[in-house]
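Q: Got a structure for you, questions after.
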Number of protein chains: 2
Amino acid sequence: MQTAVSIGQAARASGVKVPTVRYYEQIGLLPLPDRTDGNRRLYDRTDVERLAFIRHARELGFDVEAIRRLLALQDEPEQSCAEADALAKQHLIEVERRLRSLMALKAELERMVEGCTQGKVESCRVIEILADHGECRHHDHEKPLSGLK
Amino acid sequence: MQTAVSIGQAARASGVKVPTVRYYEQIGLLPLPDRTDGNRRLYDRTDVERLAFIRHARELGFDVEAIRRLLALQDEPEQSCAEADALAKQHLIEVERRLRSLMALKAELERMVEGCTQGKVESCRVIEILADHGECRHHDHEKPLSGLK
DNA sequence: TCTAGTTCCTATAGCGACTATAGGAGCAAG
DNA sequence: CTTGCTCCTATAGTCGCTATAGGAACTAGA
């Protein structure tokens, strides 16, 4: 006999919220589960593990399409993991790019805050720097990582 | 006689895309501009400067509400710039938090990629680490900066 | 057995900050 | 005068959820 848990239990066990579990089912990351007589979803251990996998990948900033591919790979253990490696490497490059961007941003915010003498707005360094992009050290304008928490 | 430019020219001059200019007007970041006889928007120098201000603030990751307040401050140069300073400082704290999160994330991705021996999926470090959150060094799960590019 | 409270169900709308599309109108150059 | 660009409005789509409405089904206690 398999462990069969409700959506709430699966959610707690995996750290994914209940509506998010249903959402993952809807977008096809999670297979359609069995149901009770009363039409409630029943999950087994592999479903919960899959949810935890998805959650961890999302925390690491992989988008849903990348996770879809990683899950497909996980489902076929005999295949080469070259693609998983490539996905991780590609994502790492993206994260590094993002890090550089954020560091430039941090430097400019510090410059703004340091320069501010708490006087009037007309001489405020914060407002000044925002108004004048030419004076800006920040030119590394990158894309966000999808919904990274 | 004032310089009066089309939306396309204002967009090019400020670095904001045309549909985004209209969007900023719609959400009240930009005042309703004059129109030509043919119903086309006409912008003057202050509008273009305002757009550049908004763009720069967005690039620095300020959300629209913060920008709304910064613009309101900019419109009243006699006021104290304490609020602008506070907004910038608060945002800097957020950016620093985000930076720490991204660095943890980078470390874990590197660990994944380093461990991968390019063998089969069943022994792939990338897949393994994703599957097992217990093994993870990444516990700094933070909120994203709104739409930072 | 009744009932109160919790969990679950579906379907749909909302979030932020845009971006894309449809379907047209204006305008400048050749 | 026609080609092609820019512009107009209005609406829907993006991503990854999250919230809401309105109901049905379990669970525990009286």
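Labels used: A, B, ... for chains in the order of the structure tokens, numbers from 1 for residues in each chain, and numbers from 1 for ligands as shown.
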Select all residues from chain A having any atom no more than 8 Å from an atom of chain C (counting only C-alpha atoms (C1' of nucleotides), ignoring ligands), output as an NGL selection string.
A: :A and (8 or 39-40)
Q: Could you save those same residues with N, CA and C atoms as a PDB file, in the first residue's frame?
A:
ATOM      1  N   GLY A   8      -3.119  19.328   0.742  1.00  0.00           N
ATOM      2  CA  GLY A   8      -2.602  20.120   1.851  1.00  0.00           C
ATOM      3  C   GLY A   8      -1.365  19.484   2.456  1.00  0.00           C
ATOM      4  N   ASN A  39     -13.723  13.356  -4.969  1.00  0.00           N
ATOM      5  CA  ASN A  39     -13.046  14.192  -5.978  1.00  0.00           C
ATOM      6  C   ASN A  39     -11.836  14.949  -5.461  1.00  0.00           C
ATOM      7  N   ARG A  40     -11.268  14.508  -4.343  1.00  0.00           N
ATOM      8  CA  ARG A  40     -10.071  15.172  -3.842  1.00  0.00           C
ATOM      9  C   ARG A  40      -8.804  14.530  -4.385  1.00  0.00           C
TER      10      ARG A  40
END
Q: Using only C-alpha atoms, which chain A residues lie at most 7 Å away from chain B, written as a ChimeraX atom specification?
A: /A:52-53,56-57,59-60,73-74,77-82,84-85,88-89,92,95,99,102,105-106,109,113,116,118-122,124,126-127,130-131,133,141-144,147-149
Q: Could you save those same residues with N, CA and C atoms as a tab-separated table (two decimals), in the first residue's frame?
A:
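See again-v2.tsv below for the written result:
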chain	number	residue	atom	x	y	z
A	52	ALA	N	8.97	18.98	-4.52
A	52	ALA	CA	10.15	19.52	-3.83
A	52	ALA	C	11.23	19.87	-4.86
A	53	PHE	N	11.36	19.04	-5.86
A	53	PHE	CA	12.31	19.29	-6.95
A	53	PHE	C	11.97	20.62	-7.64
A	56	HIS	N	12.68	23.61	-5.36
A	56	HIS	CA	14.09	23.92	-5.24
A	56	HIS	C	14.61	24.58	-6.52
A	57	ALA	N	14.21	24.06	-7.65
A	57	ALA	CA	14.64	24.65	-8.91
A	57	ALA	C	14.14	26.08	-9.06
A	59	GLU	N	13.49	28.12	-6.59
A	59	GLU	CA	14.28	28.92	-5.65
A	59	GLU	C	15.62	29.29	-6.24
A	60	LEU	N	16.13	28.39	-7.06
A	60	LEU	CA	17.41	28.67	-7.71
A	60	LEU	C	17.22	29.53	-8.96
A	73	LEU	N	14.27	15.08	-18.01
A	73	LEU	CA	15.54	14.38	-17.88
A	73	LEU	C	15.52	13.43	-16.68
A	74	GLN	N	14.99	13.95	-15.57
A	74	GLN	CA	14.94	13.15	-14.35
A	74	GLN	C	14.11	11.88	-14.57
A	77	PRO	N	16.49	8.20	-16.43
A	77	PRO	CA	17.79	8.18	-15.76
A	77	PRO	C	18.91	7.61	-16.62
A	78	GLU	N	18.58	6.95	-17.71
A	78	GLU	CA	19.63	6.33	-18.53
A	78	GLU	C	20.27	7.33	-19.51
A	79	GLN	N	19.58	8.46	-19.69
A	79	GLN	CA	20.12	9.45	-20.63
A	79	GLN	C	21.35	10.16	-20.08
A	80	SER	N	22.08	10.76	-20.96
A	80	SER	CA	23.21	11.58	-20.55
A	80	SER	C	22.71	12.84	-19.85
A	81	CYS	N	23.48	13.31	-18.90
A	81	CYS	CA	23.04	14.50	-18.18
A	81	CYS	C	23.64	15.77	-18.77
A	82	ALA	N	24.11	15.67	-20.00
A	82	ALA	CA	24.74	16.83	-20.63
A	82	ALA	C	23.78	18.02	-20.69
A	84	ALA	N	21.21	18.68	-18.68
A	84	ALA	CA	21.02	19.24	-17.34
A	84	ALA	C	22.21	20.13	-16.98
A	85	ASP	N	23.38	19.63	-17.30
A	85	ASP	CA	24.60	20.39	-17.05
A	85	ASP	C	24.58	21.71	-17.83
A	88	ALA	N	22.15	24.17	-16.29
A	88	ALA	CA	22.68	24.74	-15.06
A	88	ALA	C	23.77	25.77	-15.37
A	89	LYS	N	24.62	25.44	-16.34
A	89	LYS	CA	25.71	26.36	-16.70
A	89	LYS	C	25.16	27.65	-17.28
A	92	LEU	N	23.75	29.65	-14.62
A	92	LEU	CA	24.83	30.24	-13.82
A	92	LEU	C	25.36	31.52	-14.47
A	95	VAL	N	22.94	34.23	-13.84
A	95	VAL	CA	23.02	34.68	-12.45
A	95	VAL	C	24.24	35.58	-12.25
A	99	LEU	N	24.31	39.37	-11.09
A	99	LEU	CA	25.10	39.79	-9.93
A	99	LEU	C	25.91	41.04	-10.25
A	102	LEU	N	23.60	43.97	-10.30
A	102	LEU	CA	23.16	44.39	-8.96
A	102	LEU	C	24.29	45.08	-8.20
A	105	LEU	N	24.52	48.55	-9.43
A	105	LEU	CA	23.37	49.23	-8.89
A	105	LEU	C	23.59	49.62	-7.43
A	106	LYS	N	24.12	48.70	-6.67
A	106	LYS	CA	24.41	48.95	-5.26
A	106	LYS	C	25.40	50.11	-5.13
A	109	LEU	N	23.60	53.37	-5.83
A	109	LEU	CA	22.72	53.75	-4.72
A	109	LEU	C	23.53	54.27	-3.55
A	113	VAL	N	23.24	57.91	-1.76
A	113	VAL	CA	22.94	58.07	-0.35
A	113	VAL	C	24.07	58.82	0.37
A	116	CYS	N	24.01	62.63	-0.29
A	116	CYS	CA	22.86	63.39	0.22
A	116	CYS	C	23.18	64.03	1.55
A	118	GLN	N	21.01	65.81	3.26
A	118	GLN	CA	19.76	66.02	3.97
A	118	GLN	C	19.29	67.47	3.94
A	119	GLY	N	19.62	68.14	2.85
A	119	GLY	CA	19.18	69.53	2.71
A	119	GLY	C	17.86	69.61	1.98
A	120	LYS	N	17.76	70.58	1.07
A	120	LYS	CA	16.56	70.74	0.28
A	120	LYS	C	16.60	69.81	-0.94
A	121	VAL	N	15.44	69.55	-1.49
A	121	VAL	CA	15.34	68.71	-2.66
A	121	VAL	C	16.15	69.29	-3.82
A	122	GLU	N	16.16	70.63	-3.91
A	122	GLU	CA	16.81	71.25	-5.08
A	122	GLU	C	18.29	70.93	-5.17
A	124	CYS	N	19.51	67.95	-3.78
A	124	CYS	CA	19.61	66.57	-3.29
A	124	CYS	C	20.33	65.68	-4.30
A	126	VAL	N	20.37	62.48	-4.44
A	126	VAL	CA	19.52	61.37	-4.89
A	126	VAL	C	18.72	61.78	-6.12
A	127	ILE	N	18.03	62.90	-5.99
A	127	ILE	CA	17.20	63.41	-7.08
A	127	ILE	C	18.08	63.80	-8.27
A	130	LEU	N	19.31	60.73	-10.19
A	130	LEU	CA	18.21	60.13	-10.93
A	130	LEU	C	17.87	60.95	-12.17
A	131	ALA	N	17.97	62.26	-12.03
A	131	ALA	CA	17.61	63.14	-13.15
A	131	ALA	C	18.65	63.10	-14.26
A	133	HIS	N	21.16	60.94	-16.16
A	133	HIS	CA	21.72	59.62	-16.47
A	133	HIS	C	23.17	59.73	-16.95
A	141	HIS	N	22.34	47.19	-17.87
A	141	HIS	CA	20.90	47.07	-17.75
A	141	HIS	C	20.40	45.71	-18.20
A	142	GLU	N	20.20	44.85	-17.25
A	142	GLU	CA	19.96	43.45	-17.58
A	142	GLU	C	18.54	43.00	-17.31
A	143	LYS	N	18.22	41.85	-17.85
A	143	LYS	CA	16.91	41.25	-17.65
A	143	LYS	C	16.81	40.65	-16.25
A	144	PRO	N	15.60	40.63	-15.72
A	144	PRO	CA	15.42	40.01	-14.42
A	144	PRO	C	15.40	38.49	-14.53
A	147	GLY	N	10.83	35.75	-11.70
A	147	GLY	CA	10.16	35.60	-10.42
A	147	GLY	C	10.99	35.02	-9.29
A	148	LEU	N	12.24	35.29	-9.27
A	148	LEU	CA	13.10	34.77	-8.22
A	148	LEU	C	12.71	35.37	-6.88
A	149	LYS	N	12.53	34.49	-5.87
A	149	LYS	CA	12.10	34.99	-4.57
A	149	LYS	C	13.28	35.24	-3.65
Q: Restricting the calculation to only C-alpha atoms (C1' of nucleotides), which member of A:Ala13, A:Val48, A:Leu29, A:Val64 is positioned closest to chain D?
A: A:Val64
Q: Using only C-alpha atoms (C1' of nucleotides), what does the table of chain D residues within 8 Å of chain B look like, with each row giving the shortest atom pair and its distance in Å to one decimal, sorted by chain and ascending number, as JSON lines?
A:
{"residue": "D:DT6", "atom": "C1'", "partner": "B:Gly8", "partner_atom": "CA", "distance": 7.8}
{"residue": "D:DC7", "atom": "C1'", "partner": "B:Arg40", "partner_atom": "CA", "distance": 6.7}
{"residue": "D:DC8", "atom": "C1'", "partner": "B:Arg40", "partner_atom": "CA", "distance": 7.4}
Q: Output C-alpha atoms (C1' of nucleotides) for every residue in that selection, as a PDB file, in the first residue's frame.
A:
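Result saved to result-v1.pdb:
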ATOM      1  C1'  DT D   6       4.725  56.919 -37.350  1.00  0.00           C
ATOM      2  C1'  DC D   7       1.016  57.580 -34.732  1.00  0.00           C
ATOM      3  C1'  DC D   8      -3.792  56.650 -32.468  1.00  0.00           C
TER       4       DC D   8
END
Q: Within segment 13-139 of chain B, find each residue whose DSSP state, derived from the backbone, is helix (DSSP H, G or I), and express the selection as number ranges by chain.
A: B: 13-14, 18-26, 45-59, 64-74, 82-115, 121-123, 125-131, 133-135
